[in-house]
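A.B. asks: If it helps, the file is called target.cif and holds mmCIF, N, CA, C and O atoms and all ligand atoms:
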```cif
data_coords
loop_
_atom_site.label_atom_id
_atom_site.label_comp_id
_atom_site.auth_asym_id
_atom_site.auth_seq_id
_atom_site.Cartn_x
_atom_site.Cartn_y
_atom_site.Cartn_z
N MET A 157 -4.82 8.40 -7.82
CA MET A 157 -4.55 7.28 -6.94
C MET A 157 -5.41 7.40 -5.69
O MET A 157 -5.41 8.42 -5.02
N LYS A 158 -6.15 6.32 -5.37
CA LYS A 158 -7.09 6.39 -4.26
C LYS A 158 -6.60 5.67 -3.01
O LYS A 158 -7.23 5.73 -1.97
N ILE A 159 -5.49 4.96 -3.15
CA ILE A 159 -4.96 4.25 -1.98
C ILE A 159 -4.15 5.22 -1.13
O ILE A 159 -3.42 6.05 -1.63
N ARG A 160 -4.33 5.09 0.17
CA ARG A 160 -3.68 6.01 1.10
C ARG A 160 -2.90 5.25 2.15
O ARG A 160 -3.13 4.07 2.39
N LYS A 161 -2.07 6.00 2.84
CA LYS A 161 -1.33 5.46 3.97
C LYS A 161 -2.29 4.87 5.00
O LYS A 161 -3.32 5.48 5.31
N GLY A 162 -1.97 3.68 5.50
CA GLY A 162 -2.79 3.05 6.51
C GLY A 162 -3.83 2.08 5.96
O GLY A 162 -4.44 1.34 6.72
N ASP A 163 -4.02 2.07 4.63
CA ASP A 163 -4.99 1.16 4.03
C ASP A 163 -4.50 -0.27 4.10
O ASP A 163 -3.30 -0.54 3.99
N ARG A 164 -5.44 -1.21 4.28
CA ARG A 164 -5.12 -2.63 4.13
C ARG A 164 -5.29 -2.98 2.65
O ARG A 164 -6.35 -2.73 2.08
N VAL A 165 -4.27 -3.54 2.06
CA VAL A 165 -4.33 -3.83 0.63
C VAL A 165 -3.85 -5.25 0.35
O VAL A 165 -3.17 -5.87 1.16
N ARG A 166 -4.23 -5.74 -0.83
CA ARG A 166 -3.75 -7.03 -1.31
C ARG A 166 -3.09 -6.83 -2.66
O ARG A 166 -3.60 -6.08 -3.50
N VAL A 167 -1.97 -7.52 -2.87
CA VAL A 167 -1.29 -7.47 -4.16
C VAL A 167 -2.05 -8.35 -5.14
O VAL A 167 -2.36 -9.51 -4.84
N ILE A 168 -2.39 -7.80 -6.30
CA ILE A 168 -3.22 -8.55 -7.24
C ILE A 168 -2.47 -8.98 -8.50
O ILE A 168 -3.01 -9.67 -9.34
N SER A 169 -1.22 -8.56 -8.63
CA SER A 169 -0.43 -9.07 -9.75
C SER A 169 1.04 -8.98 -9.40
O SER A 169 1.44 -8.30 -8.46
N GLY A 170 1.85 -9.72 -10.15
CA GLY A 170 3.28 -9.74 -9.89
C GLY A 170 3.68 -10.91 -9.01
O GLY A 170 2.86 -11.74 -8.63
N LYS A 171 4.95 -10.94 -8.63
CA LYS A 171 5.46 -12.11 -7.91
C LYS A 171 4.93 -12.21 -6.49
O LYS A 171 4.94 -13.27 -5.90
N ASP A 172 4.45 -11.13 -5.93
CA ASP A 172 3.90 -11.14 -4.58
C ASP A 172 2.38 -11.21 -4.57
O ASP A 172 1.73 -10.89 -3.58
N LYS A 173 1.78 -11.65 -5.69
CA LYS A 173 0.33 -11.74 -5.81
C LYS A 173 -0.26 -12.51 -4.63
O LYS A 173 0.22 -13.57 -4.27
N GLY A 174 -1.32 -11.96 -4.03
CA GLY A 174 -1.99 -12.62 -2.93
C GLY A 174 -1.53 -12.15 -1.56
O GLY A 174 -2.20 -12.40 -0.57
N ALA A 175 -0.39 -11.48 -1.51
CA ALA A 175 0.10 -10.99 -0.23
C ALA A 175 -0.72 -9.79 0.22
O ALA A 175 -1.20 -9.01 -0.60
N THR A 176 -0.90 -9.67 1.53
CA THR A 176 -1.62 -8.52 2.06
C THR A 176 -0.74 -7.78 3.05
O THR A 176 0.17 -8.34 3.64
N GLY A 177 -1.03 -6.52 3.21
CA GLY A 177 -0.27 -5.72 4.16
C GLY A 177 -0.88 -4.35 4.30
O GLY A 177 -1.90 -4.03 3.68
N GLU A 178 -0.22 -3.55 5.12
CA GLU A 178 -0.69 -2.18 5.34
C GLU A 178 0.21 -1.22 4.58
O GLU A 178 1.42 -1.40 4.53
N VAL A 179 -0.41 -0.21 4.01
CA VAL A 179 0.35 0.80 3.28
C VAL A 179 1.10 1.68 4.28
O VAL A 179 0.50 2.31 5.14
N LEU A 180 2.42 1.67 4.17
CA LEU A 180 3.24 2.50 5.06
C LEU A 180 3.43 3.90 4.50
O LEU A 180 3.43 4.88 5.22
N PHE A 181 3.64 3.96 3.19
CA PHE A 181 3.81 5.24 2.52
C PHE A 181 3.08 5.21 1.19
O PHE A 181 3.05 4.17 0.52
N ALA A 182 2.50 6.32 0.82
CA ALA A 182 1.87 6.45 -0.49
C ALA A 182 2.53 7.60 -1.23
O ALA A 182 2.81 8.65 -0.64
N PHE A 183 2.81 7.37 -2.49
CA PHE A 183 3.44 8.40 -3.33
C PHE A 183 2.53 8.70 -4.52
O PHE A 183 2.71 8.13 -5.60
N PRO A 184 1.54 9.56 -4.32
CA PRO A 184 0.56 9.80 -5.39
C PRO A 184 1.19 10.33 -6.67
O PRO A 184 0.71 10.03 -7.76
N ALA A 185 2.26 11.09 -6.55
CA ALA A 185 2.87 11.69 -7.74
C ALA A 185 3.38 10.63 -8.71
O ALA A 185 3.35 10.83 -9.93
N VAL A 186 3.85 9.50 -8.17
CA VAL A 186 4.38 8.44 -9.04
C VAL A 186 3.50 7.19 -8.99
O VAL A 186 3.86 6.15 -9.54
N GLU A 187 2.32 7.30 -8.31
CA GLU A 187 1.37 6.17 -8.24
C GLU A 187 2.02 4.93 -7.66
O GLU A 187 1.87 3.83 -8.19
N LYS A 188 2.76 5.11 -6.57
CA LYS A 188 3.39 3.97 -5.93
C LYS A 188 3.09 3.95 -4.44
O LYS A 188 2.82 4.99 -3.84
N VAL A 189 3.14 2.73 -3.88
CA VAL A 189 2.91 2.57 -2.45
C VAL A 189 3.97 1.64 -1.88
O VAL A 189 4.51 0.80 -2.58
N ILE A 190 4.26 1.81 -0.60
CA ILE A 190 5.12 0.86 0.11
C ILE A 190 4.25 0.15 1.12
O ILE A 190 3.54 0.78 1.91
N ILE A 191 4.32 -1.21 1.09
CA ILE A 191 3.49 -2.05 1.95
C ILE A 191 4.40 -2.71 2.97
O ILE A 191 5.51 -3.14 2.64
N ASP A 192 3.90 -2.83 4.21
CA ASP A 192 4.81 -3.19 5.31
C ASP A 192 5.53 -4.52 5.13
O ASP A 192 6.72 -4.59 5.38
N THR A 193 4.83 -5.56 4.71
CA THR A 193 5.47 -6.88 4.72
C THR A 193 5.84 -7.39 3.34
O THR A 193 6.39 -8.47 3.22
N VAL A 194 5.53 -6.63 2.30
CA VAL A 194 5.64 -7.14 0.94
C VAL A 194 6.78 -6.47 0.19
O VAL A 194 7.06 -5.30 0.41
N ASN A 195 7.42 -7.24 -0.69
CA ASN A 195 8.44 -6.68 -1.57
C ASN A 195 9.65 -6.18 -0.79
O ASN A 195 10.23 -5.15 -1.10
N VAL A 196 10.02 -6.95 0.23
CA VAL A 196 11.16 -6.56 1.04
C VAL A 196 12.43 -7.12 0.43
O VAL A 196 12.53 -8.31 0.16
N ALA A 197 13.37 -6.27 0.18
CA ALA A 197 14.64 -6.69 -0.37
C ALA A 197 15.68 -6.72 0.74
O ALA A 197 15.71 -5.85 1.60
N LYS A 198 16.49 -7.74 0.74
CA LYS A 198 17.60 -7.80 1.70
C LYS A 198 18.77 -7.03 1.12
O LYS A 198 19.21 -7.30 0.01
N ARG A 199 19.23 -6.08 1.84
CA ARG A 199 20.39 -5.30 1.40
C ARG A 199 21.56 -5.62 2.31
O ARG A 199 21.46 -5.53 3.53
N HIS A 200 22.64 -6.01 1.68
CA HIS A 200 23.85 -6.27 2.45
C HIS A 200 24.65 -4.97 2.54
O HIS A 200 24.96 -4.37 1.52
N THR A 201 24.94 -4.57 3.75
CA THR A 201 25.67 -3.32 3.92
C THR A 201 26.94 -3.57 4.73
O THR A 201 27.00 -4.49 5.54
N ARG A 202 27.90 -2.75 4.47
CA ARG A 202 29.15 -2.84 5.22
C ARG A 202 29.25 -1.64 6.15
O ARG A 202 28.74 -0.57 5.84
N PRO A 203 29.91 -1.86 7.29
CA PRO A 203 30.10 -0.71 8.17
C PRO A 203 30.98 0.34 7.49
O PRO A 203 32.04 0.00 6.96
N THR A 204 30.51 1.54 7.45
CA THR A 204 31.30 2.62 6.88
C THR A 204 31.31 3.78 7.87
O THR A 204 30.80 3.64 8.98
N GLY A 205 31.83 4.88 7.46
CA GLY A 205 31.89 6.03 8.35
C GLY A 205 30.52 6.51 8.78
O GLY A 205 30.31 6.91 9.92
N THR A 206 29.54 6.44 7.86
CA THR A 206 28.22 6.98 8.19
C THR A 206 27.32 5.94 8.84
O THR A 206 26.56 6.25 9.75
N THR A 207 27.37 4.67 8.37
CA THR A 207 26.58 3.62 9.01
C THR A 207 27.51 2.77 9.85
O THR A 207 28.35 2.04 9.33
N LYS A 208 27.32 2.84 11.15
CA LYS A 208 28.22 2.14 12.06
C LYS A 208 28.02 0.63 11.99
O LYS A 208 28.95 -0.14 12.19
N GLN A 209 26.81 0.20 11.73
CA GLN A 209 26.53 -1.23 11.72
C GLN A 209 26.46 -1.77 10.31
O GLN A 209 25.80 -1.20 9.44
N GLY A 210 27.12 -2.89 10.11
CA GLY A 210 26.99 -3.58 8.84
C GLY A 210 25.96 -4.66 8.97
O GLY A 210 25.27 -4.75 9.98
N GLY A 211 25.85 -5.50 7.92
CA GLY A 211 24.94 -6.63 8.02
C GLY A 211 23.85 -6.53 6.98
O GLY A 211 23.99 -5.86 5.97
N ILE A 212 22.74 -7.23 7.25
CA ILE A 212 21.64 -7.28 6.29
C ILE A 212 20.50 -6.44 6.83
O ILE A 212 20.07 -6.62 7.97
N ILE A 213 20.01 -5.55 6.03
CA ILE A 213 18.85 -4.76 6.44
C ILE A 213 17.70 -5.00 5.48
O ILE A 213 17.91 -5.32 4.30
N ASP A 214 16.49 -4.88 6.00
CA ASP A 214 15.30 -5.01 5.16
C ASP A 214 14.97 -3.66 4.56
O ASP A 214 14.94 -2.65 5.25
N LYS A 215 14.70 -3.68 3.27
CA LYS A 215 14.33 -2.44 2.61
C LYS A 215 13.03 -2.69 1.85
O LYS A 215 12.97 -3.60 1.03
N ASN A 216 12.00 -1.94 2.17
CA ASN A 216 10.72 -2.11 1.49
C ASN A 216 10.75 -1.38 0.15
O ASN A 216 10.98 -0.18 0.10
N LEU A 217 10.51 -2.13 -0.90
CA LEU A 217 10.51 -1.54 -2.23
C LEU A 217 9.09 -1.09 -2.58
O LEU A 217 8.13 -1.73 -2.20
N PRO A 218 8.98 -0.01 -3.33
CA PRO A 218 7.64 0.47 -3.67
C PRO A 218 6.93 -0.41 -4.70
O PRO A 218 7.57 -1.04 -5.54
N PHE A 219 5.61 -0.44 -4.59
CA PHE A 219 4.74 -1.16 -5.51
C PHE A 219 4.00 -0.18 -6.38
O PHE A 219 3.63 0.91 -5.91
N LYS A 220 3.72 -0.57 -7.60
CA LYS A 220 2.82 0.26 -8.40
C LYS A 220 1.41 0.16 -7.82
O LYS A 220 0.93 -0.92 -7.51
N ALA A 221 0.77 1.30 -7.68
CA ALA A 221 -0.56 1.32 -7.07
C ALA A 221 -1.56 0.49 -7.88
O ALA A 221 -2.50 -0.06 -7.32
N CYS A 222 -1.35 0.36 -9.19
CA CYS A 222 -2.30 -0.39 -10.01
C CYS A 222 -2.19 -1.89 -9.76
O CYS A 222 -3.04 -2.65 -10.20
N ASN A 223 -1.14 -2.33 -9.06
CA ASN A 223 -0.98 -3.75 -8.78
C ASN A 223 -1.51 -4.16 -7.41
O ASN A 223 -1.38 -5.31 -7.02
N VAL A 224 -2.10 -3.22 -6.69
CA VAL A 224 -2.67 -3.57 -5.40
C VAL A 224 -4.14 -3.15 -5.37
O VAL A 224 -4.56 -2.23 -6.06
N ALA A 225 -4.92 -3.90 -4.56
CA ALA A 225 -6.34 -3.60 -4.40
C ALA A 225 -6.61 -3.40 -2.92
O ALA A 225 -6.07 -4.11 -2.08
N ILE A 226 -7.46 -2.44 -2.62
CA ILE A 226 -7.82 -2.21 -1.22
C ILE A 226 -8.70 -3.36 -0.73
O ILE A 226 -9.43 -3.97 -1.51
N LEU A 227 -8.59 -3.68 0.56
CA LEU A 227 -9.38 -4.76 1.13
C LEU A 227 -10.59 -4.18 1.86
O LEU A 227 -10.45 -3.38 2.77
N CYS A 228 -11.77 -4.63 1.44
CA CYS A 228 -13.00 -4.29 2.13
C CYS A 228 -13.19 -5.30 3.25
O CYS A 228 -12.93 -6.49 3.06
N SER A 229 -13.65 -4.85 4.42
CA SER A 229 -13.82 -5.78 5.54
C SER A 229 -14.93 -6.79 5.26
O SER A 229 -14.97 -7.86 5.85
N ASN A 230 -15.84 -6.48 4.34
CA ASN A 230 -16.92 -7.41 4.00
C ASN A 230 -16.54 -8.33 2.85
O ASN A 230 -16.78 -9.53 2.89
N CYS A 231 -15.96 -7.79 1.78
CA CYS A 231 -15.80 -8.59 0.57
C CYS A 231 -14.36 -8.79 0.10
O CYS A 231 -14.15 -9.36 -0.95
N GLY A 232 -13.38 -8.36 0.85
CA GLY A 232 -12.01 -8.61 0.43
C GLY A 232 -11.54 -7.59 -0.59
O GLY A 232 -11.97 -6.45 -0.55
N PRO A 233 -10.66 -8.00 -1.51
CA PRO A 233 -10.12 -7.03 -2.48
C PRO A 233 -11.24 -6.42 -3.31
O PRO A 233 -12.12 -7.13 -3.79
N THR A 234 -11.22 -5.13 -3.48
CA THR A 234 -12.31 -4.47 -4.19
C THR A 234 -11.80 -3.22 -4.88
O THR A 234 -10.66 -2.80 -4.70
N LYS A 235 -12.67 -2.65 -5.68
CA LYS A 235 -12.37 -1.36 -6.30
C LYS A 235 -12.94 -0.25 -5.42
O LYS A 235 -13.93 -0.44 -4.72
N ILE A 236 -12.30 0.90 -5.48
CA ILE A 236 -12.71 2.02 -4.65
C ILE A 236 -13.66 2.92 -5.43
O ILE A 236 -13.35 3.34 -6.54
N GLY A 237 -14.80 3.17 -4.84
CA GLY A 237 -15.71 4.16 -5.39
C GLY A 237 -15.72 5.38 -4.48
O GLY A 237 -15.10 5.38 -3.42
N VAL A 238 -16.42 6.40 -4.89
CA VAL A 238 -16.48 7.62 -4.09
C VAL A 238 -17.94 8.07 -3.98
O VAL A 238 -18.68 8.02 -4.96
N ARG A 239 -18.35 8.46 -2.79
CA ARG A 239 -19.65 9.09 -2.62
C ARG A 239 -19.43 10.42 -1.91
O ARG A 239 -18.39 10.65 -1.29
N ILE A 240 -20.40 11.29 -2.01
CA ILE A 240 -20.33 12.58 -1.33
C ILE A 240 -21.25 12.52 -0.12
O ILE A 240 -22.43 12.18 -0.24
N ASP A 241 -20.70 12.80 1.06
CA ASP A 241 -21.53 12.73 2.26
C ASP A 241 -22.31 14.02 2.47
O ASP A 241 -22.26 14.94 1.65
N GLU A 242 -23.05 14.07 3.60
CA GLU A 242 -23.96 15.19 3.85
C GLU A 242 -23.21 16.52 3.94
O GLU A 242 -23.77 17.58 3.69
N GLN A 243 -21.95 16.46 4.36
CA GLN A 243 -21.15 17.69 4.47
C GLN A 243 -20.44 18.05 3.15
O GLN A 243 -19.65 18.97 3.11
N GLY A 244 -20.71 17.27 2.11
CA GLY A 244 -20.09 17.56 0.83
C GLY A 244 -18.69 17.01 0.68
O GLY A 244 -17.99 17.34 -0.27
N ARG A 245 -18.29 16.17 1.62
CA ARG A 245 -16.95 15.58 1.54
C ARG A 245 -16.98 14.29 0.74
O ARG A 245 -18.00 13.58 0.73
N LYS A 246 -15.87 14.00 0.13
CA LYS A 246 -15.74 12.74 -0.60
C LYS A 246 -15.42 11.62 0.38
O LYS A 246 -14.52 11.74 1.20
N VAL A 247 -16.18 10.55 0.29
CA VAL A 247 -15.95 9.38 1.12
C VAL A 247 -15.69 8.20 0.21
O VAL A 247 -16.41 7.98 -0.76
N ARG A 248 -14.66 7.44 0.52
CA ARG A 248 -14.35 6.27 -0.31
C ARG A 248 -15.26 5.10 0.08
O ARG A 248 -15.44 4.81 1.26
N ILE A 249 -15.81 4.44 -0.90
CA ILE A 249 -16.70 3.31 -0.64
C ILE A 249 -16.24 2.09 -1.45
O ILE A 249 -15.54 2.21 -2.44
N CYS A 250 -16.68 0.93 -0.97
CA CYS A 250 -16.46 -0.32 -1.68
C CYS A 250 -17.44 -0.38 -2.86
O CYS A 250 -18.63 -0.16 -2.69
N ARG A 251 -16.90 -0.70 -4.06
CA ARG A 251 -17.78 -0.74 -5.23
C ARG A 251 -18.62 -2.01 -5.27
O ARG A 251 -19.55 -2.12 -6.05
N LYS A 252 -18.27 -3.00 -4.42
CA LYS A 252 -19.05 -4.24 -4.41
C LYS A 252 -20.25 -4.13 -3.46
O LYS A 252 -21.38 -4.39 -3.83
N CYS A 253 -19.98 -3.73 -2.20
CA CYS A 253 -21.07 -3.73 -1.21
C CYS A 253 -21.55 -2.31 -0.89
O CYS A 253 -22.57 -2.15 -0.23
N GLY A 254 -20.82 -1.29 -1.31
CA GLY A 254 -21.24 0.07 -1.07
C GLY A 254 -20.89 0.62 0.30
O GLY A 254 -21.20 1.74 0.63
N GLY A 255 -20.24 -0.21 1.13
CA GLY A 255 -19.86 0.25 2.46
C GLY A 255 -18.69 1.22 2.42
O GLY A 255 -17.91 1.23 1.47
N ASP A 256 -18.58 2.05 3.44
CA ASP A 256 -17.46 2.98 3.52
C ASP A 256 -16.16 2.22 3.77
O ASP A 256 -16.14 1.24 4.49
N LEU A 257 -15.10 2.74 3.20
CA LEU A 257 -13.78 2.13 3.43
C LEU A 257 -13.02 2.94 4.47
O LEU A 257 -13.18 4.14 4.57
ZN ZN B 1 -17.32 -4.43 0.29
#
```
Go ahead and express the file in the form of structure tokens.
Ligand SMILES: [Zn+2]

C.D. replies:
Amino acid sequence: MKIRKGDRVRVISGKDKGATGEVLFAFPAVEKVIIDTVNVAKRHTRPTGTTKQGGIIDKNLPFKACNVAILCSNCGPTKIGVRIDEQGRKVRICRKCGGDL
């Protein structure tokens, strides 16, 4: 999984197709991401001993990483490529324009 926390991404399939947001959490082990504004479920909660406040809370549901594409500042949704820089580090690049992501 090449998407990381803080990336700007667009949903490319599913009911939220076309939505964009920032990755809040990435879970590489299960190939899932949580995006700030997308896939928010309203949860109705009641006041109990542990949660003092009842009401409706927003809960961000995780997305499959294969259903989102990273946004390149030049070309929009794109695939992630990798290049090796002068220090031997891996740098993520846009596969369309070749710019660093
Ligand atoms: Zn690009």

A.B. asks: For a quick check of understanding, using all atoms listed in the file, which of A:Val165, A:Ile159, A:Gly170, A:Arg251 has the smallest distance to Ala182 (chain A)?

C.D. replies: A:Ile159

A.B. asks: Which residue is closest to Val189 (chain A)? Choose from A:Pro218, A:Gly162, A:Thr176, A:Ser169 and count all atoms listed in the file.

C.D. replies: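 Smallest distance to Val189 (chain A) is found for A:Pro218.
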
A.B. asks: Could you list the protein, DNA and RNA residues that have any atom within 9 Å of ligand ZN 1 (chain B), counting only C-alpha atoms and all ligand atoms, and write them as a PDB file with N, CA, C and O atoms, in the coordinates of the input?

C.D. replies:
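Here's the written file result.pdb:
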```pdb
ATOM      1  N   LEU A 227      -8.590  -3.680   0.560  1.00  0.00           N
ATOM      2  CA  LEU A 227      -9.380  -4.760   1.130  1.00  0.00           C
ATOM      3  C   LEU A 227     -10.590  -4.180   1.860  1.00  0.00           C
ATOM      4  O   LEU A 227     -10.450  -3.380   2.770  1.00  0.00           O
ATOM      5  N   CYS A 228     -11.770  -4.630   1.440  1.00  0.00           N
ATOM      6  CA  CYS A 228     -13.000  -4.290   2.130  1.00  0.00           C
ATOM      7  C   CYS A 228     -13.190  -5.300   3.250  1.00  0.00           C
ATOM      8  O   CYS A 228     -12.930  -6.490   3.060  1.00  0.00           O
ATOM      9  N   SER A 229     -13.650  -4.850   4.420  1.00  0.00           N
ATOM     10  CA  SER A 229     -13.820  -5.780   5.540  1.00  0.00           C
ATOM     11  C   SER A 229     -14.930  -6.790   5.260  1.00  0.00           C
ATOM     12  O   SER A 229     -14.970  -7.860   5.850  1.00  0.00           O
ATOM     13  N   ASN A 230     -15.840  -6.480   4.340  1.00  0.00           N
ATOM     14  CA  ASN A 230     -16.920  -7.410   4.000  1.00  0.00           C
ATOM     15  C   ASN A 230     -16.540  -8.330   2.850  1.00  0.00           C
ATOM     16  O   ASN A 230     -16.780  -9.530   2.890  1.00  0.00           O
ATOM     17  N   CYS A 231     -15.960  -7.790   1.780  1.00  0.00           N
ATOM     18  CA  CYS A 231     -15.800  -8.590   0.570  1.00  0.00           C
ATOM     19  C   CYS A 231     -14.360  -8.790   0.100  1.00  0.00           C
ATOM     20  O   CYS A 231     -14.150  -9.360  -0.950  1.00  0.00           O
ATOM     21  N   GLY A 232     -13.380  -8.360   0.850  1.00  0.00           N
ATOM     22  CA  GLY A 232     -12.010  -8.610   0.430  1.00  0.00           C
ATOM     23  C   GLY A 232     -11.540  -7.590  -0.590  1.00  0.00           C
ATOM     24  O   GLY A 232     -11.970  -6.450  -0.550  1.00  0.00           O
ATOM     25  N   PRO A 233     -10.660  -8.000  -1.510  1.00  0.00           N
ATOM     26  CA  PRO A 233     -10.120  -7.030  -2.480  1.00  0.00           C
ATOM     27  C   PRO A 233     -11.240  -6.420  -3.310  1.00  0.00           C
ATOM     28  O   PRO A 233     -12.120  -7.130  -3.790  1.00  0.00           O
ATOM     29  N   THR A 234     -11.220  -5.130  -3.480  1.00  0.00           N
ATOM     30  CA  THR A 234     -12.310  -4.470  -4.190  1.00  0.00           C
ATOM     31  C   THR A 234     -11.800  -3.220  -4.880  1.00  0.00           C
ATOM     32  O   THR A 234     -10.660  -2.800  -4.700  1.00  0.00           O
ATOM     33  N   LYS A 235     -12.670  -2.650  -5.680  1.00  0.00           N
ATOM     34  CA  LYS A 235     -12.370  -1.360  -6.300  1.00  0.00           C
ATOM     35  C   LYS A 235     -12.940  -0.250  -5.420  1.00  0.00           C
ATOM     36  O   LYS A 235     -13.930  -0.440  -4.720  1.00  0.00           O
ATOM     37  N   ILE A 249     -15.810   4.440  -0.900  1.00  0.00           N
ATOM     38  CA  ILE A 249     -16.700   3.310  -0.640  1.00  0.00           C
ATOM     39  C   ILE A 249     -16.240   2.090  -1.450  1.00  0.00           C
ATOM     40  O   ILE A 249     -15.540   2.210  -2.440  1.00  0.00           O
ATOM     41  N   CYS A 250     -16.680   0.930  -0.970  1.00  0.00           N
ATOM     42  CA  CYS A 250     -16.460  -0.320  -1.680  1.00  0.00           C
ATOM     43  C   CYS A 250     -17.440  -0.380  -2.860  1.00  0.00           C
ATOM     44  O   CYS A 250     -18.630  -0.160  -2.690  1.00  0.00           O
ATOM     45  N   ARG A 251     -16.900  -0.700  -4.060  1.00  0.00           N
ATOM     46  CA  ARG A 251     -17.780  -0.740  -5.230  1.00  0.00           C
ATOM     47  C   ARG A 251     -18.620  -2.010  -5.270  1.00  0.00           C
ATOM     48  O   ARG A 251     -19.550  -2.120  -6.050  1.00  0.00           O
ATOM     49  N   LYS A 252     -18.270  -3.000  -4.420  1.00  0.00           N
ATOM     50  CA  LYS A 252     -19.050  -4.240  -4.410  1.00  0.00           C
ATOM     51  C   LYS A 252     -20.250  -4.130  -3.460  1.00  0.00           C
ATOM     52  O   LYS A 252     -21.380  -4.390  -3.830  1.00  0.00           O
ATOM     53  N   CYS A 253     -19.980  -3.730  -2.200  1.00  0.00           N
ATOM     54  CA  CYS A 253     -21.070  -3.730  -1.210  1.00  0.00           C
ATOM     55  C   CYS A 253     -21.550  -2.310  -0.890  1.00  0.00           C
ATOM     56  O   CYS A 253     -22.570  -2.150  -0.230  1.00  0.00           O
ATOM     57  N   GLY A 254     -20.820  -1.290  -1.310  1.00  0.00           N
ATOM     58  CA  GLY A 254     -21.240   0.070  -1.070  1.00  0.00           C
ATOM     59  C   GLY A 254     -20.890   0.620   0.300  1.00  0.00           C
ATOM     60  O   GLY A 254     -21.200   1.740   0.630  1.00  0.00           O
ATOM     61  N   GLY A 255     -20.240  -0.210   1.130  1.00  0.00           N
ATOM     62  CA  GLY A 255     -19.860   0.250   2.460  1.00  0.00           C
ATOM     63  C   GLY A 255     -18.690   1.220   2.420  1.00  0.00           C
ATOM     64  O   GLY A 255     -17.910   1.230   1.470  1.00  0.00           O
ATOM     65  N   ASP A 256     -18.580   2.050   3.440  1.00  0.00           N
ATOM     66  CA  ASP A 256     -17.460   2.980   3.520  1.00  0.00           C
ATOM     67  C   ASP A 256     -16.160   2.220   3.770  1.00  0.00           C
ATOM     68  O   ASP A 256     -16.140   1.240   4.490  1.00  0.00           O
ATOM     69  N   LEU A 257     -15.100   2.740   3.200  1.00  0.00           N
ATOM     70  CA  LEU A 257     -13.780   2.130   3.430  1.00  0.00           C
ATOM     71  C   LEU A 257     -13.020   2.940   4.470  1.00  0.00           C
ATOM     72  O   LEU A 257     -13.180   4.140   4.570  1.00  0.00           O
TER      73      LEU A 257
END
```

A.B. asks: List every residue of chain A that DSSP, applied to the backbone of this structure, assigns to strand (DSSP E or B), and report them as a ChimeraX atom specification.

C.D. replies: /A:164-167,176-183,188-191,196-201,211-216,219-220,224-228,232-234,236-240,246-250,256

A.B. asks: What is the atom N of Ile236 (chain A) to atom O of Glu178 (chain A) distance in Å?

C.D. replies: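 Those two atoms sit 17.1 Å apart.
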
A.B. asks: With a distance cut-off of 7 Å and all atoms listed in the file, select the neighbouring residues of Val167 (chain A), excluding the residue or stretch itself and same-chain residues fewer than 5 positions from it, and output the selection as a list in words.

C.D. replies: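 Here the answer would be Asp172, Lys173, Gly174, Ala175, Thr176, Gly177, Asn223, Val224 and Ala225 of chain A.
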
A.B. asks: Record the distance separating CA of Ala221 (chain A) and CA of Val247 (chain A), expressed in Å with one decimal.

C.D. replies: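 Atom-to-atom, CA of Ala221 (chain A) and CA of Val247 (chain A) are spaced 19.2 Å apart.
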
A.B. asks: Could you name the residues that touch Glu187 (chain A) at 4.5 Å or less, counting all atoms listed in the file, but leaving out those on the same chain fewer than 4 positions away, as a PDB file with N, CA, C and O atoms, keeping the file's coordinate frame?

C.D. replies:
```pdb
ATOM      1  N   PHE A 183       2.810   7.370  -2.490  1.00  0.00           N
ATOM      2  CA  PHE A 183       3.440   8.400  -3.330  1.00  0.00           C
ATOM      3  C   PHE A 183       2.530   8.700  -4.520  1.00  0.00           C
ATOM      4  O   PHE A 183       2.710   8.130  -5.600  1.00  0.00           O
ATOM      5  N   PHE A 219       5.610  -0.440  -4.590  1.00  0.00           N
ATOM      6  CA  PHE A 219       4.740  -1.160  -5.510  1.00  0.00           C
ATOM      7  C   PHE A 219       4.000  -0.180  -6.380  1.00  0.00           C
ATOM      8  O   PHE A 219       3.630   0.910  -5.910  1.00  0.00           O
ATOM      9  N   LYS A 220       3.720  -0.570  -7.600  1.00  0.00           N
ATOM     10  CA  LYS A 220       2.820   0.260  -8.400  1.00  0.00           C
ATOM     11  C   LYS A 220       1.410   0.160  -7.820  1.00  0.00           C
ATOM     12  O   LYS A 220       0.930  -0.920  -7.510  1.00  0.00           O
ATOM     13  N   ALA A 221       0.770   1.300  -7.680  1.00  0.00           N
ATOM     14  CA  ALA A 221      -0.560   1.320  -7.070  1.00  0.00           C
ATOM     15  C   ALA A 221      -1.560   0.490  -7.880  1.00  0.00           C
ATOM     16  O   ALA A 221      -2.500  -0.060  -7.320  1.00  0.00           O
TER      17      ALA A 221
END
```

A.B. asks: Output file request: region 182-186 of chain A, with N, CA, C and O atoms, as a short mmCIF file (atom, residue, chain, number, x, y, z; two decimals), in the first residue's frame.

C.D. replies:
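File result_0.cif, as written:
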```cif
data_model
loop_
_atom_site.label_atom_id
_atom_site.label_comp_id
_atom_site.auth_asym_id
_atom_site.auth_seq_id
_atom_site.Cartn_x
_atom_site.Cartn_y
_atom_site.Cartn_z
N ALA A 182 -3.89 5.53 8.07
CA ALA A 182 -3.62 4.48 7.09
C ALA A 182 -3.33 3.19 7.85
O ALA A 182 -2.63 3.19 8.86
N PHE A 183 -3.92 2.11 7.35
CA PHE A 183 -3.73 0.80 7.97
C PHE A 183 -3.13 -0.15 6.94
O PHE A 183 -3.86 -0.90 6.28
N PRO A 184 -1.81 -0.11 6.77
CA PRO A 184 -1.19 -0.93 5.70
C PRO A 184 -1.44 -2.42 5.86
O PRO A 184 -1.56 -3.13 4.87
N ALA A 185 -1.57 -2.88 7.09
CA ALA A 185 -1.74 -4.32 7.31
C ALA A 185 -3.03 -4.84 6.69
O ALA A 185 -3.08 -5.98 6.22
N VAL A 186 -4.07 -4.00 6.67
CA VAL A 186 -5.34 -4.43 6.10
C VAL A 186 -5.69 -3.65 4.83
O VAL A 186 -6.78 -3.77 4.29
#
```
